[in-house]
Amino acid sequence: MAYIEQIKFSYTVQPLQAVRLIEYTPFAGRIISVTTHFPDGTNALCEVRVGHGNKQFCPNEGYLALNDATPTFNFNEPVDDYEEIWVEIRNGDSAYEHSITVTVSVEES
């Protein structure tokens, strides 16, 4: 049975600010899914993108921005042992901070 590790990124982004969060894979394997939580009130003003190393893969280009949604996207994205996984969050809301959570699931090879 394959071992799966969930890497959680969670951050409250202030109005008109951005953040890049970094974690590292605990082993070589593949990213099998990415789940992003956009709380009600983000109104598609918070944008998220996910990558590893120097490659963006969720979405392939640009950013994902939703409201009151928690989509899960399945992948088969190979990663090396202790490879950097990053999440970039941009808050385009000029009035409110927003808390965004992204969970990246990595399956050991």
# chains A, B, ... in the order shown; residues from 1 in each chain; ligands from 1

$ residues_around --residues "Leu16 in chain A" --least-positions-apart "3" --cutoff "10 Å" --atoms "only C-alpha atoms" --output "PDB file with N, CA, C and O atoms, in the first residue's frame"
ATOM      1  N   VAL A  13      -4.189  36.407   4.042  1.00  0.00           N
ATOM      2  CA  VAL A  13      -3.537  37.417   3.212  1.00  0.00           C
ATOM      3  C   VAL A  13      -4.253  38.749   3.396  1.00  0.00           C
ATOM      4  O   VAL A  13      -5.470  38.837   3.237  1.00  0.00           O
ATOM      5  N   LEU A  45     -11.708  37.252  -5.730  1.00  0.00           N
ATOM      6  CA  LEU A  45     -10.674  38.285  -5.636  1.00  0.00           C
ATOM      7  C   LEU A  45      -9.342  37.731  -5.142  1.00  0.00           C
ATOM      8  O   LEU A  45      -8.317  38.391  -5.267  1.00  0.00           O
ATOM      9  N   CYS A  46      -9.356  36.521  -4.574  1.00  0.00           N
ATOM     10  CA  CYS A  46      -8.126  35.852  -4.145  1.00  0.00           C
ATOM     11  C   CYS A  46      -7.733  34.843  -5.213  1.00  0.00           C
ATOM     12  O   CYS A  46      -8.528  33.993  -5.598  1.00  0.00           O
ATOM     13  N   ARG A  90      -2.631  35.558  -3.983  1.00  0.00           N
ATOM     14  CA  ARG A  90      -2.737  37.017  -4.149  1.00  0.00           C
ATOM     15  C   ARG A  90      -4.136  37.463  -3.755  1.00  0.00           C
ATOM     16  O   ARG A  90      -5.118  36.898  -4.226  1.00  0.00           O
ATOM     17  N   ASN A  91      -4.202  38.456  -2.885  1.00  0.00           N
ATOM     18  CA  ASN A  91      -5.495  39.004  -2.463  1.00  0.00           C
ATOM     19  C   ASN A  91      -5.724  40.317  -3.189  1.00  0.00           C
ATOM     20  O   ASN A  91      -5.100  41.327  -2.879  1.00  0.00           O
ATOM     21  N   GLY A  92      -6.651  40.314  -4.137  1.00  0.00           N
ATOM     22  CA  GLY A  92      -6.976  41.513  -4.902  1.00  0.00           C
ATOM     23  C   GLY A  92      -8.077  42.342  -4.273  1.00  0.00           C
ATOM     24  O   GLY A  92      -8.505  43.352  -4.835  1.00  0.00           O
ATOM     25  N   ASP A  93      -8.539  41.932  -3.097  1.00  0.00           N
ATOM     26  CA  ASP A  93      -9.581  42.661  -2.372  1.00  0.00           C
ATOM     27  C   ASP A  93      -8.935  43.847  -1.664  1.00  0.00           C
ATOM     28  O   ASP A  93      -7.997  43.681  -0.886  1.00  0.00           O
ATOM     29  N   SER A  94      -9.430  45.046  -1.925  1.00  0.00           N
ATOM     30  CA  SER A  94      -8.827  46.248  -1.330  1.00  0.00           C
ATOM     31  C   SER A  94      -9.336  46.527   0.075  1.00  0.00           C
ATOM     32  O   SER A  94      -8.789  47.395   0.763  1.00  0.00           O
ATOM     33  N   ALA A  95     -10.347  45.786   0.537  1.00  0.00           N
ATOM     34  CA  ALA A  95     -10.944  46.086   1.841  1.00  0.00           C
ATOM     35  C   ALA A  95     -10.746  44.996   2.895  1.00  0.00           C
ATOM     36  O   ALA A  95     -10.654  45.313   4.077  1.00  0.00           O
ATOM     37  N   TYR A  96     -10.677  43.720   2.508  1.00  0.00           N
ATOM     38  CA  TYR A  96     -10.710  42.636   3.479  1.00  0.00           C
ATOM     39  C   TYR A  96      -9.556  41.652   3.317  1.00  0.00           C
ATOM     40  O   TYR A  96      -9.129  41.361   2.203  1.00  0.00           O
ATOM     41  N   GLU A  97      -9.115  41.118   4.461  1.00  0.00           N
ATOM     42  CA  GLU A  97      -8.176  40.006   4.452  1.00  0.00           C
ATOM     43  C   GLU A  97      -8.953  38.724   4.176  1.00  0.00           C
ATOM     44  O   GLU A  97     -10.153  38.656   4.444  1.00  0.00           O
TER      45      GLU A  97
END

$ residues_around --residues "Gly41 in chain A" --least-positions-apart "3" --cutoff "9 Å" --atoms "only C-alpha atoms" --output "NGL selection string"
:A and (38 or 44-45 or 67-68 or 98)

$ write_last_selection --atoms "N, CA, C and O atoms" --output "tab-separated table (two decimals), in the first residue's frame"
chain	number	residue	atom	x	y	z
A	38	PHE	N	-11.62	28.22	-0.91
A	38	PHE	CA	-11.93	29.64	-1.07
A	38	PHE	C	-13.18	29.92	-0.22
A	38	PHE	O	-14.27	29.50	-0.60
A	44	ALA	N	-13.94	35.67	-5.75
A	44	ALA	CA	-12.98	35.50	-6.84
A	44	ALA	C	-11.93	36.60	-6.87
A	44	ALA	O	-11.32	36.86	-7.91
A	45	LEU	N	-11.71	37.25	-5.73
A	45	LEU	CA	-10.67	38.28	-5.64
A	45	LEU	C	-9.34	37.73	-5.14
A	45	LEU	O	-8.32	38.39	-5.27
A	67	ASN	N	-15.18	31.55	-5.32
A	67	ASN	CA	-15.85	32.02	-4.11
A	67	ASN	C	-16.65	30.87	-3.52
A	67	ASN	O	-17.36	30.18	-4.24
A	68	ASP	N	-16.53	30.69	-2.20
A	68	ASP	CA	-17.30	29.67	-1.48
A	68	ASP	C	-17.20	28.32	-2.17
A	68	ASP	O	-18.21	27.68	-2.49
A	98	HIS	N	-8.26	37.71	3.66
A	98	HIS	CA	-8.91	36.42	3.39
A	98	HIS	C	-7.96	35.29	3.75
A	98	HIS	O	-6.76	35.37	3.49

$ residues_around --residues "Thr12 in chain A" --least-positions-apart "2" --cutoff "9 Å" --atoms "only C-alpha atoms" --output "MDAnalysis selection string"
chainID A and resid 10 14 97:101

$ select_by_dssp --residues "range 12-90 of chain A" --states "strand (DSSP E)" --output "PyMOL selection string"
chain A and resi 12-13+18-24+29-37+46-52+55-58+72-79+84-90

$ closest_residue --among "A:Thr42, A:Asn60, A:Ser105, A:Thr36" --to "Tyr24 in chain A" --atoms "only C-alpha atoms"
A:Ser105

$ residues_around --residues "Glu77 in chain A" --least-positions-apart "2" --cutoff "6 Å" --atoms "only C-alpha atoms" --output "mmCIF file with C-alpha atoms, in the first residue's frame"
data_model
loop_
_atom_site.group_PDB
_atom_site.id
_atom_site.type_symbol
_atom_site.label_atom_id
_atom_site.label_comp_id
_atom_site.auth_asym_id
_atom_site.auth_seq_id
_atom_site.Cartn_x
_atom_site.Cartn_y
_atom_site.Cartn_z
ATOM 1 C CA ARG A 30 3.994 12.103 -7.247
ATOM 2 C CA ILE A 31 1.509 14.794 -6.418
ATOM 3 C CA PHE A 75 -2.776 14.995 -10.814
#

$ closest_residue --among "A:Thr70, A:Ser109, A:Gln56, A:Thr25" --to "Glu88 in chain A" --atoms "only C-alpha atoms"
A:Gln56

$ residues_around --residues "Arg49 in chain A" --least-positions-apart "2" --cutoff "10 Å" --atoms "only C-alpha atoms" --output "list in words"
Arg20, Thr36, Glu47, Gly51, Gln56, Phe57, Cys58, Pro59, Asn60, Glu61, Gly62, Tyr63, Leu64, Ala65, Trp86, Val87, Glu88, Ile89, Arg90 and Val102 of chain A

$ residues_around --residues "Thr103 in chain A" --least-positions-apart "6" --cutoff "8 Å" --atoms "only C-alpha atoms" --output "PyMOL selection string"
chain A and resi 6-9+34-36

$ write_last_selection --atoms "N, CA, C and O atoms" --output "mmCIF file, in the first residue's frame"
data_model
loop_
_atom_site.group_PDB
_atom_site.id
_atom_site.type_symbol
_atom_site.label_atom_id
_atom_site.label_comp_id
_atom_site.auth_asym_id
_atom_site.auth_seq_id
_atom_site.Cartn_x
_atom_site.Cartn_y
_atom_site.Cartn_z
ATOM 1 N N GLN A 6 -0.139 14.498 3.266
ATOM 2 C CA GLN A 6 -0.849 15.724 2.900
ATOM 3 C C GLN A 6 -0.063 16.919 3.434
ATOM 4 O O GLN A 6 0.217 16.990 4.638
ATOM 5 N N ILE A 7 0.282 17.819 2.544
ATOM 6 C CA ILE A 7 1.028 19.018 2.913
ATOM 7 C C ILE A 7 0.052 20.188 2.890
ATOM 8 O O ILE A 7 -0.537 20.488 1.848
ATOM 9 N N LYS A 8 -0.118 20.814 4.044
ATOM 10 C CA LYS A 8 -1.116 21.885 4.179
ATOM 11 C C LYS A 8 -0.442 23.257 4.153
ATOM 12 O O LYS A 8 0.533 23.499 4.862
ATOM 13 N N PHE A 9 -1.012 24.131 3.341
ATOM 14 C CA PHE A 9 -0.610 25.530 3.273
ATOM 15 C C PHE A 9 -1.829 26.352 3.695
ATOM 16 O O PHE A 9 -2.896 26.193 3.117
ATOM 17 N N VAL A 34 -4.607 18.310 -5.469
ATOM 18 C CA VAL A 34 -4.518 19.633 -4.844
ATOM 19 C C VAL A 34 -5.945 20.064 -4.525
ATOM 20 O O VAL A 34 -6.812 20.074 -5.405
ATOM 21 N N THR A 35 -6.182 20.407 -3.250
ATOM 22 C CA THR A 35 -7.481 20.908 -2.814
ATOM 23 C C THR A 35 -7.296 22.326 -2.305
ATOM 24 O O THR A 35 -6.426 22.570 -1.460
ATOM 25 N N THR A 36 -8.093 23.251 -2.814
ATOM 26 C CA THR A 36 -8.006 24.650 -2.409
ATOM 27 C C THR A 36 -9.349 25.091 -1.848
ATOM 28 O O THR A 36 -10.385 24.860 -2.465
#

$ residues_around --residues "Ile4 in chain A" --least-positions-apart "3" --cutoff "9 Å" --atoms "only C-alpha atoms" --output "VMD selection string"
chain A and resid 32 105 to 108

$ write_last_selection --atoms "C-alpha atoms" --output "PDB file, in the first residue's frame"
ATOM      1  CA  ILE A  32      -1.873  13.111  -6.713  1.00  0.00           C
ATOM      2  CA  SER A 105      -1.338  15.257  -1.440  1.00  0.00           C
ATOM      3  CA  VAL A 106       1.898  13.460  -2.300  1.00  0.00           C
ATOM      4  CA  GLU A 107       2.063   9.689  -2.797  1.00  0.00           C
ATOM      5  CA  GLU A 108       5.367   7.924  -2.155  1.00  0.00           C
TER       6      GLU A 108
END

$ atom_distance --atom1 "CA of Leu66 in chain A" --atom2 "CA of Gly53 in chain A"
25.2 Å

$ atom_distance --atom1 "CA of Gly29 in chain A" --atom2 "CA of Val48 in chain A"
23.3 Å

$ atom_distance --atom1 "CA of Val19 in chain A" --atom2 "CA of Ala69 in chain A"
20.5 Å

$ closest_residue --among "A:Asn43, A:Gln17, A:Asn54, A:Ser33" --to "Glu84 in chain A" --atoms "only C-alpha atoms"
A:Asn54
